[in-house]
>>> print(open('coords.pdb').read())   # PDB, C-alpha atoms
ATOM      1  CA  MET A 248      12.116 -66.409  25.665  1.00  0.00           C
ATOM      2  CA  THR A 249      11.376 -66.331  29.366  1.00  0.00           C
ATOM      3  CA  VAL A 250      14.949 -65.206  30.006  1.00  0.00           C
ATOM      4  CA  LEU A 251      14.523 -62.275  27.661  1.00  0.00           C
ATOM      5  CA  LEU A 252      11.336 -61.197  29.400  1.00  0.00           C
ATOM      6  CA  VAL A 253      13.007 -61.385  32.809  1.00  0.00           C
ATOM      7  CA  LEU A 254      16.005 -59.400  31.566  1.00  0.00           C
ATOM      8  CA  GLY A 255      13.665 -56.784  30.007  1.00  0.00           C
ATOM      9  CA  ALA A 256      11.727 -56.455  33.299  1.00  0.00           C
ATOM     10  CA  VAL A 257      14.966 -56.085  35.264  1.00  0.00           C
ATOM     11  CA  ALA A 258      16.154 -53.366  32.832  1.00  0.00           C
ATOM     12  CA  VAL A 259      12.873 -51.475  33.264  1.00  0.00           C
ATOM     13  CA  VAL A 260      13.121 -51.666  37.075  1.00  0.00           C
ATOM     14  CA  ILE A 261      16.756 -50.457  37.003  1.00  0.00           C
ATOM     15  CA  ALA A 262      15.858 -47.580  34.663  1.00  0.00           C
ATOM     16  CA  PHE A 263      12.911 -46.636  36.870  1.00  0.00           C
ATOM     17  CA  LEU A 264      15.038 -46.602  40.026  1.00  0.00           C
ATOM     18  CA  THR A 265      17.804 -44.622  38.296  1.00  0.00           C
ATOM     19  CA  LEU A 266      15.460 -41.970  36.985  1.00  0.00           C
ATOM     20  CA  ARG A 267      13.617 -41.764  40.290  1.00  0.00           C
ATOM     21  CA  GLU A 268      16.424 -39.797  41.907  1.00  0.00           C
ATOM     22  CA  THR A 269      15.570 -36.851  44.081  1.00  0.00           C
ATOM     23  CA  PRO A 270      14.820 -33.890  41.778  1.00  0.00           C
ATOM     24  CA  ARG A 271      17.524 -31.284  41.665  1.00  0.00           C
ATOM     25  CA  GLU A 272      16.727 -27.797  42.855  1.00  0.00           C
ATOM     26  CA  VAL A 273      16.288 -25.317  40.060  1.00  0.00           C
ATOM     27  CA  PRO A 274      17.791 -21.913  40.851  1.00  0.00           C
ATOM     28  CA  GLU A 275      15.217 -19.142  41.079  1.00  0.00           C
ATOM     29  CA  LEU A 276      15.288 -16.836  38.067  1.00  0.00           C
ATOM     30  CA  GLU A 277      14.445 -13.165  38.072  1.00  0.00           C
ATOM     31  CA  PRO A 278      11.116 -12.407  36.399  1.00  0.00           C
ATOM     32  CA  VAL A 279      11.335 -10.953  32.921  1.00  0.00           C
ATOM     33  CA  SER A 280       8.784  -8.324  31.948  1.00  0.00           C
ATOM     34  CA  ARG A 281       7.324  -8.247  28.473  1.00  0.00           C
ATOM     35  CA  ALA A 282       7.900  -5.086  26.477  1.00  0.00           C
ATOM     36  CA  SER A 283       4.807  -3.281  25.259  1.00  0.00           C
ATOM     37  CA  ALA A 284       4.260  -2.715  21.546  1.00  0.00           C
ATOM     38  CA  GLU A 285       5.026   0.992  22.034  1.00  0.00           C
ATOM     39  CA  GLU A 286       8.361   0.199  23.688  1.00  0.00           C
ATOM     40  CA  LEU A 287       9.312  -2.169  20.882  1.00  0.00           C
ATOM     41  CA  GLU A 288       8.455   0.437  18.218  1.00  0.00           C
ATOM     42  CA  ALA A 289      10.665   2.946  20.023  1.00  0.00           C
ATOM     43  CA  VAL A 290      13.724   0.668  19.869  1.00  0.00           C
ATOM     44  CA  PRO A 291      16.129   1.854  17.175  1.00  0.00           C
ATOM     45  CA  GLU A 292      17.725  -0.910  15.110  1.00  0.00           C
ATOM     46  CA  GLY A 293      20.460  -2.477  17.176  1.00  0.00           C
ATOM     47  CA  GLY A 294      19.658  -0.232  20.163  1.00  0.00           C
ATOM     48  CA  SER A 295      17.807  -0.388  23.419  1.00  0.00           C
ATOM     49  CA  PRO A 296      14.299   0.841  24.277  1.00  0.00           C
ATOM     50  CA  SER A 297      13.885   4.616  24.397  1.00  0.00           C
ATOM     51  CA  THR A 298      13.471   6.164  27.795  1.00  0.00           C
ATOM     52  CA  ALA A 299      11.998   9.413  26.430  1.00  0.00           C
ATOM     53  CA  PRO A 300       8.852  10.378  28.315  1.00  0.00           C
ATOM     54  CA  GLU A 301       5.521  10.570  26.520  1.00  0.00           C
ATOM     55  CA  PRO A 302       4.502  14.157  25.663  1.00  0.00           C
ATOM     56  CA  GLU A 303       2.105  15.666  28.153  1.00  0.00           C
ATOM     57  CA  GLY A 304      -0.439  18.448  27.937  1.00  0.00           C
ATOM     58  CA  GLU A 305      -2.375  19.720  24.954  1.00  0.00           C
ATOM     59  CA  VAL A 306      -1.842  21.565  21.697  1.00  0.00           C
ATOM     60  CA  VAL A 307      -4.235  23.903  19.926  1.00  0.00           C
ATOM     61  CA  VAL A 308      -4.362  23.692  16.135  1.00  0.00           C
ATOM     62  CA  HIS A 309      -6.361  25.388  13.399  1.00  0.00           C
ATOM     63  CA  VAL A 310      -7.767  22.891  10.905  1.00  0.00           C
ATOM     64  CA  GLY A 311      -9.044  24.413   7.660  1.00  0.00           C
ATOM     65  CA  GLY A 312      -9.518  23.626   4.004  1.00  0.00           C
ATOM     66  CA  GLU A 313     -11.594  20.703   2.805  1.00  0.00           C
ATOM     67  CA  VAL A 314     -12.856  19.366   6.157  1.00  0.00           C
ATOM     68  CA  ALA A 315     -16.413  19.020   7.434  1.00  0.00           C
ATOM     69  CA  GLU A 316     -15.976  21.388  10.406  1.00  0.00           C
ATOM     70  CA  PRO A 317     -13.010  23.768  10.097  1.00  0.00           C
ATOM     71  CA  GLY A 318     -11.928  25.601  13.234  1.00  0.00           C
ATOM     72  CA  LEU A 319      -9.721  25.521  16.320  1.00  0.00           C
ATOM     73  CA  TYR A 320      -9.202  22.194  18.067  1.00  0.00           C
ATOM     74  CA  THR A 321      -7.489  21.288  21.330  1.00  0.00           C
ATOM     75  CA  MET A 322      -5.706  17.957  20.983  1.00  0.00           C
ATOM     76  CA  PRO A 323      -3.632  15.836  23.388  1.00  0.00           C
ATOM     77  CA  ALA A 324       0.114  16.386  22.986  1.00  0.00           C
ATOM     78  CA  GLY A 325       1.585  13.723  20.745  1.00  0.00           C
ATOM     79  CA  SER A 326      -1.454  13.682  18.415  1.00  0.00           C
ATOM     80  CA  ARG A 327      -0.886  13.426  14.682  1.00  0.00           C
ATOM     81  CA  VAL A 328      -2.192  15.446  11.738  1.00  0.00           C
ATOM     82  CA  ALA A 329      -4.574  12.553  10.975  1.00  0.00           C
ATOM     83  CA  ASP A 330      -6.089  12.934  14.469  1.00  0.00           C
ATOM     84  CA  ALA A 331      -6.736  16.649  13.898  1.00  0.00           C
ATOM     85  CA  VAL A 332      -8.365  16.007  10.507  1.00  0.00           C
ATOM     86  CA  GLU A 333     -10.598  13.379  12.088  1.00  0.00           C
ATOM     87  CA  GLU A 334     -11.485  15.750  14.942  1.00  0.00           C
ATOM     88  CA  ALA A 335     -12.583  18.319  12.327  1.00  0.00           C
ATOM     89  CA  GLY A 336     -15.133  15.859  10.971  1.00  0.00           C
ATOM     90  CA  GLY A 337     -12.844  14.283   8.402  1.00  0.00           C
ATOM     91  CA  ALA A 338     -11.908  15.366   4.912  1.00  0.00           C
ATOM     92  CA  ARG A 339     -14.625  16.067   2.380  1.00  0.00           C
ATOM     93  CA  ALA A 340     -15.159  13.603  -0.474  1.00  0.00           C
ATOM     94  CA  ASP A 341     -12.569  13.720  -3.269  1.00  0.00           C
ATOM     95  CA  THR A 342     -10.065  15.612  -1.097  1.00  0.00           C
ATOM     96  CA  ASP A 343      -6.428  14.847  -1.881  1.00  0.00           C
ATOM     97  CA  LEU A 344      -4.993  13.815   1.495  1.00  0.00           C
ATOM     98  CA  ASP A 345      -1.609  13.087  -0.070  1.00  0.00           C
ATOM     99  CA  LEU A 346      -0.918  16.820   0.161  1.00  0.00           C
ATOM    100  CA  LEU A 347      -0.520  16.339   3.938  1.00  0.00           C
ATOM    101  CA  ASN A 348       1.812  14.231   6.031  1.00  0.00           C
ATOM    102  CA  LEU A 349      -0.931  12.618   8.134  1.00  0.00           C
ATOM    103  CA  ALA A 350       1.644  10.912  10.379  1.00  0.00           C
ATOM    104  CA  ARG A 351       3.394  14.146  11.442  1.00  0.00           C
ATOM    105  CA  PRO A 352       3.049  15.072  15.144  1.00  0.00           C
ATOM    106  CA  LEU A 353       1.098  18.265  15.783  1.00  0.00           C
ATOM    107  CA  ALA A 354       2.761  21.459  17.004  1.00  0.00           C
ATOM    108  CA  ASP A 355       0.964  23.976  19.194  1.00  0.00           C
ATOM    109  CA  GLY A 356      -0.442  26.917  17.241  1.00  0.00           C
ATOM    110  CA  GLU A 357      -0.066  25.416  13.787  1.00  0.00           C
ATOM    111  CA  ARG A 358      -2.493  25.699  10.892  1.00  0.00           C
ATOM    112  CA  ILE A 359      -3.389  22.565   8.922  1.00  0.00           C
ATOM    113  CA  LEU A 360      -4.952  23.163   5.516  1.00  0.00           C
ATOM    114  CA  VAL A 361      -6.567  19.994   4.183  1.00  0.00           C
ATOM    115  CA  GLY A 362      -6.718  19.578   0.412  1.00  0.00           C
ATOM    116  CA  VAL A 363      -4.816  22.815  -0.255  1.00  0.00           C
ATOM    117  CA  GLU A 364      -1.678  22.348  -2.349  1.00  0.00           C
ATOM    118  CA  GLU A 365       0.340  25.119  -0.789  1.00  0.00           C
ATOM    119  CA  GLU A 366      -0.204  27.998   1.550  1.00  0.00           C
ATOM    120  CA  HIS A 367      -0.399  31.141  -0.552  1.00  0.00           C
ATOM    121  CA  THR A 368       0.205  34.536   0.968  1.00  0.00           C
ATOM    122  CA  VAL A 369      -1.297  37.924   0.334  1.00  0.00           C
ATOM    123  CA  ASP A 370       1.688  39.983   1.474  1.00  0.00           C
ATOM    124  CA  GLY A 371       4.259  37.576   0.003  1.00  0.00           C
ATOM    125  CA  ALA A 372       6.079  37.205   3.305  1.00  0.00           C
ATOM    126  CA  SER A 373       4.628  34.854   5.870  1.00  0.00           C
ATOM    127  CA  GLY A 374       1.902  32.218   5.886  1.00  0.00           C
ATOM    128  CA  GLU A 375      -0.593  34.693   7.283  1.00  0.00           C
ATOM    129  CA  ALA A 376      -2.404  37.201   5.128  1.00  0.00           C
ATOM    130  CA  GLY A 377      -1.628  40.885   5.595  1.00  0.00           C
ATOM    131  CA  GLY A 378      -5.203  41.616   6.750  1.00  0.00           C
ATOM    132  CA  PRO A 379      -8.779  40.680   5.916  1.00  0.00           C
ATOM    133  CA  ILE A 380      -9.323  39.566   2.341  1.00  0.00           C
ATOM    134  CA  ASP A 381     -11.762  41.582   0.239  1.00  0.00           C
ATOM    135  CA  ILE A 382     -14.016  38.863  -1.142  1.00  0.00           C
ATOM    136  CA  ASN A 383     -15.147  41.223  -3.910  1.00  0.00           C
ATOM    137  CA  ARG A 384     -11.602  41.488  -5.314  1.00  0.00           C
ATOM    138  CA  ALA A 385      -9.927  38.254  -4.235  1.00  0.00           C
ATOM    139  CA  GLY A 386      -8.975  35.618  -6.751  1.00  0.00           C
ATOM    140  CA  GLU A 387      -8.980  31.877  -6.185  1.00  0.00           C
ATOM    141  CA  THR A 388      -5.457  31.852  -4.742  1.00  0.00           C
ATOM    142  CA  GLU A 389      -6.295  34.421  -2.068  1.00  0.00           C
ATOM    143  CA  LEU A 390      -9.608  32.761  -1.208  1.00  0.00           C
ATOM    144  CA  ARG A 391      -7.828  29.442  -0.661  1.00  0.00           C
ATOM    145  CA  THR A 392      -5.792  30.978   2.184  1.00  0.00           C
ATOM    146  CA  LEU A 393      -9.001  31.372   4.204  1.00  0.00           C
ATOM    147  CA  PRO A 394      -9.881  28.806   6.899  1.00  0.00           C
ATOM    148  CA  GLY A 395     -12.156  26.128   5.514  1.00  0.00           C
ATOM    149  CA  ILE A 396     -11.750  27.210   1.887  1.00  0.00           C
ATOM    150  CA  GLY A 397     -10.072  24.865  -0.544  1.00  0.00           C
ATOM    151  CA  GLU A 398      -9.877  24.910  -4.310  1.00  0.00           C
ATOM    152  CA  LYS A 399     -13.457  23.761  -4.877  1.00  0.00           C
ATOM    153  CA  ARG A 400     -14.996  26.153  -2.346  1.00  0.00           C
ATOM    154  CA  ALA A 401     -12.944  29.091  -3.700  1.00  0.00           C
ATOM    155  CA  ARG A 402     -14.359  28.439  -7.166  1.00  0.00           C
ATOM    156  CA  GLN A 403     -17.868  28.267  -5.728  1.00  0.00           C
ATOM    157  CA  ILE A 404     -17.363  31.663  -4.045  1.00  0.00           C
ATOM    158  CA  LEU A 405     -16.195  33.173  -7.331  1.00  0.00           C
ATOM    159  CA  ALA A 406     -19.174  31.680  -9.188  1.00  0.00           C
ATOM    160  CA  HIS A 407     -21.616  32.983  -6.548  1.00  0.00           C
ATOM    161  CA  ARG A 408     -20.006  36.425  -6.712  1.00  0.00           C
ATOM    162  CA  GLU A 409     -20.588  36.463 -10.477  1.00  0.00           C
ATOM    163  CA  ALA A 410     -24.185  35.303  -9.972  1.00  0.00           C
ATOM    164  CA  LEU A 411     -24.715  38.286  -7.639  1.00  0.00           C
ATOM    165  CA  GLY A 412     -23.582  40.684 -10.367  1.00  0.00           C
ATOM    166  CA  GLY A 413     -19.866  40.694  -9.570  1.00  0.00           C
ATOM    167  CA  SER A 414     -19.862  41.661  -5.895  1.00  0.00           C
ATOM    168  CA  PHE A 415     -21.088  40.652  -2.473  1.00  0.00           C
ATOM    169  CA  GLY A 416     -23.235  43.153  -0.584  1.00  0.00           C
ATOM    170  CA  SER A 417     -21.949  41.865   2.770  1.00  0.00           C
ATOM    171  CA  VAL A 418     -19.932  39.032   4.267  1.00  0.00           C
ATOM    172  CA  ASP A 419     -23.243  37.333   5.127  1.00  0.00           C
ATOM    173  CA  ASP A 420     -23.830  36.775   1.386  1.00  0.00           C
ATOM    174  CA  LEU A 421     -21.288  33.939   1.660  1.00  0.00           C
ATOM    175  CA  LEU A 422     -24.118  31.860   3.159  1.00  0.00           C
ATOM    176  CA  GLY A 423     -25.452  31.583  -0.396  1.00  0.00           C
ATOM    177  CA  VAL A 424     -22.350  29.614  -1.422  1.00  0.00           C
ATOM    178  CA  GLU A 425     -22.936  25.854  -1.441  1.00  0.00           C
ATOM    179  CA  GLY A 426     -21.142  24.247   1.505  1.00  0.00           C
ATOM    180  CA  ILE A 427     -20.773  27.432   3.578  1.00  0.00           C
ATOM    181  CA  ALA A 428     -22.975  27.214   6.664  1.00  0.00           C
ATOM    182  CA  GLU A 429     -23.154  29.400   9.785  1.00  0.00           C
ATOM    183  CA  ARG A 430     -20.171  27.743  11.489  1.00  0.00           C
ATOM    184  CA  THR A 431     -17.941  28.164   8.440  1.00  0.00           C
ATOM    185  CA  LEU A 432     -19.080  31.773   8.062  1.00  0.00           C
ATOM    186  CA  GLU A 433     -18.198  32.512  11.701  1.00  0.00           C
ATOM    187  CA  ASN A 434     -14.709  31.069  11.112  1.00  0.00           C
ATOM    188  CA  LEU A 435     -14.356  33.237   8.002  1.00  0.00           C
ATOM    189  CA  ARG A 436     -15.773  36.486   9.420  1.00  0.00           C
ATOM    190  CA  PRO A 437     -12.529  37.768  11.069  1.00  0.00           C
ATOM    191  CA  HIS A 438     -10.594  37.075   7.857  1.00  0.00           C
ATOM    192  CA  VAL A 439     -12.838  38.619   5.192  1.00  0.00           C
ATOM    193  CA  THR A 440     -14.351  41.957   4.262  1.00  0.00           C
ATOM    194  CA  VAL A 441     -16.290  43.482   1.371  1.00  0.00           C
ATOM    195  CA  GLY A 442     -14.890  46.578  -0.292  1.00  0.00           C
TER     196      GLY A 442
END
>>> encode(input="coords.pdb", output="structure tokens")
Amino acid sequence: MTVLLVLGAVAVVIAFLTLRETPREVPELEPVSRASAEELEAVPEGGSPSTAPEPEGEVVVHVGGEVAEPGLYTMPAGSRVADAVEEAGGARADTDLDLLNLARPLADGERILVGVEEEHTVDGASGEAGGPIDINRAGETELRTLPGIGEKRARQILAHREALGGSFGSVDDLLGVEGIAERTLENLRPHVTVG
């Protein structure tokens, strides 16, 4: 038994001396930087990170339809439709946001109509009406082309027009429509008339 203990102790001493060699030098490695989340998202499948620069500057967009505060907004380049809707106070309750691609990047000078199925035209050509809309003759489709006026608000304008006897005396009579306040009226003023 004593012999086994001595042999075990000798084996431990030999192992200790063998492993106690001078440590080898480890070659210096170049530092590796960690990619940011944005860089990783920009990597196409099987490709390398994109070197495209971030957009700079600003874009100006017109946000209308079913939002709390329709109007013109200056946004940082690279912003999305969702950012513009949020900047306009967010969509009103029960607004169908699936009509918009909220992830689409904004383009300078564009018009975003929230909760409006399609952009109707008065002259049948472009997305802009052929002049101010006569709110005494306009139907729901024409009214919905106005900034800040969606389906619900267009119906409210028509109902208020009927309550006034079938016509507005002036553009200022729009203040009697539920949901149209001074700011909305000022956005509408260049686009409407009474005939």
>>> residues_around(input="coords.pdb", residues="Asn434 (chain A)", least_positions_apart="4", cutoff="9 Å", atoms="all atoms listed in the file", output="ChimeraX atom specification")
/A:317-318,393-395,429-430,438
>>> residues_around(input="coords.pdb", residues="region 386-388 of chain A", least_positions_apart="5", cutoff="8 Å", atoms="all atoms listed in the file", output="PDB file with C-alpha atoms, in the coordinates of the input")
ATOM      1  CA  HIS A 367      -0.399  31.141  -0.552  1.00  0.00           C
ATOM      2  CA  GLU A 398      -9.877  24.910  -4.310  1.00  0.00           C
ATOM      3  CA  ALA A 401     -12.944  29.091  -3.700  1.00  0.00           C
ATOM      4  CA  ARG A 402     -14.359  28.439  -7.166  1.00  0.00           C
ATOM      5  CA  LEU A 405     -16.195  33.173  -7.331  1.00  0.00           C
TER       6      LEU A 405
END
>>> resolve_selection(input="coords.pdb", expression="the PyMOL selection byres ((chain A and resi 418) around 12)", output="ChimeraX atom specification")
/A:379-383,404,408,414-417,419-424,427,429,431-442
>>> atom_distance(input="coords.pdb", atom1="CA of His309 (chain A)", atom2="CA of Ala335 (chain A)")
9.5 Å
>>> resolve_selection(input="coords.pdb", expression="the PyMOL selection byres ((chain A and resi 339-351) around 6)", output="PDB file with C-alpha atoms, in the coordinates of the input")
ATOM      1  CA  GLU A 313     -11.594  20.703   2.805  1.00  0.00           C
ATOM      2  CA  VAL A 314     -12.856  19.366   6.157  1.00  0.00           C
ATOM      3  CA  ARG A 327      -0.886  13.426  14.682  1.00  0.00           C
ATOM      4  CA  VAL A 328      -2.192  15.446  11.738  1.00  0.00           C
ATOM      5  CA  ALA A 329      -4.574  12.553  10.975  1.00  0.00           C
ATOM      6  CA  ALA A 338     -11.908  15.366   4.912  1.00  0.00           C
ATOM      7  CA  PRO A 352       3.049  15.072  15.144  1.00  0.00           C
ATOM      8  CA  GLY A 362      -6.718  19.578   0.412  1.00  0.00           C
TER       9      GLY A 362
END
>>> atom_distance(input="coords.pdb", atom1="CA of Gly336 (chain A)", atom2="CA of Gly378 (chain A)")
27.9 Å
>>> atom_distance(input="coords.pdb", atom1="CA of Ala331 (chain A)", atom2="CA of Arg400 (chain A)")
20.6 Å
>>> closest_residue(input="coords.pdb", among="A:Ile396, A:Gly304, A:Glu425, A:Ala385", to="Gly413 (chain A)", atoms="all atoms listed in the file")
A:Ala385
>>> closest_residue(input="coords.pdb", among="A:Val257, A:Leu319, A:Glu305, A:Gly337", to="Arg358 (chain A)", atoms="only C-alpha atoms")
A:Leu319
>>> closest_residue(input="coords.pdb", among="A:Ala406, A:Ala324, A:Leu252, A:Leu353", to="Glu303 (chain A)", atoms="all atoms listed in the file")
A:Ala324
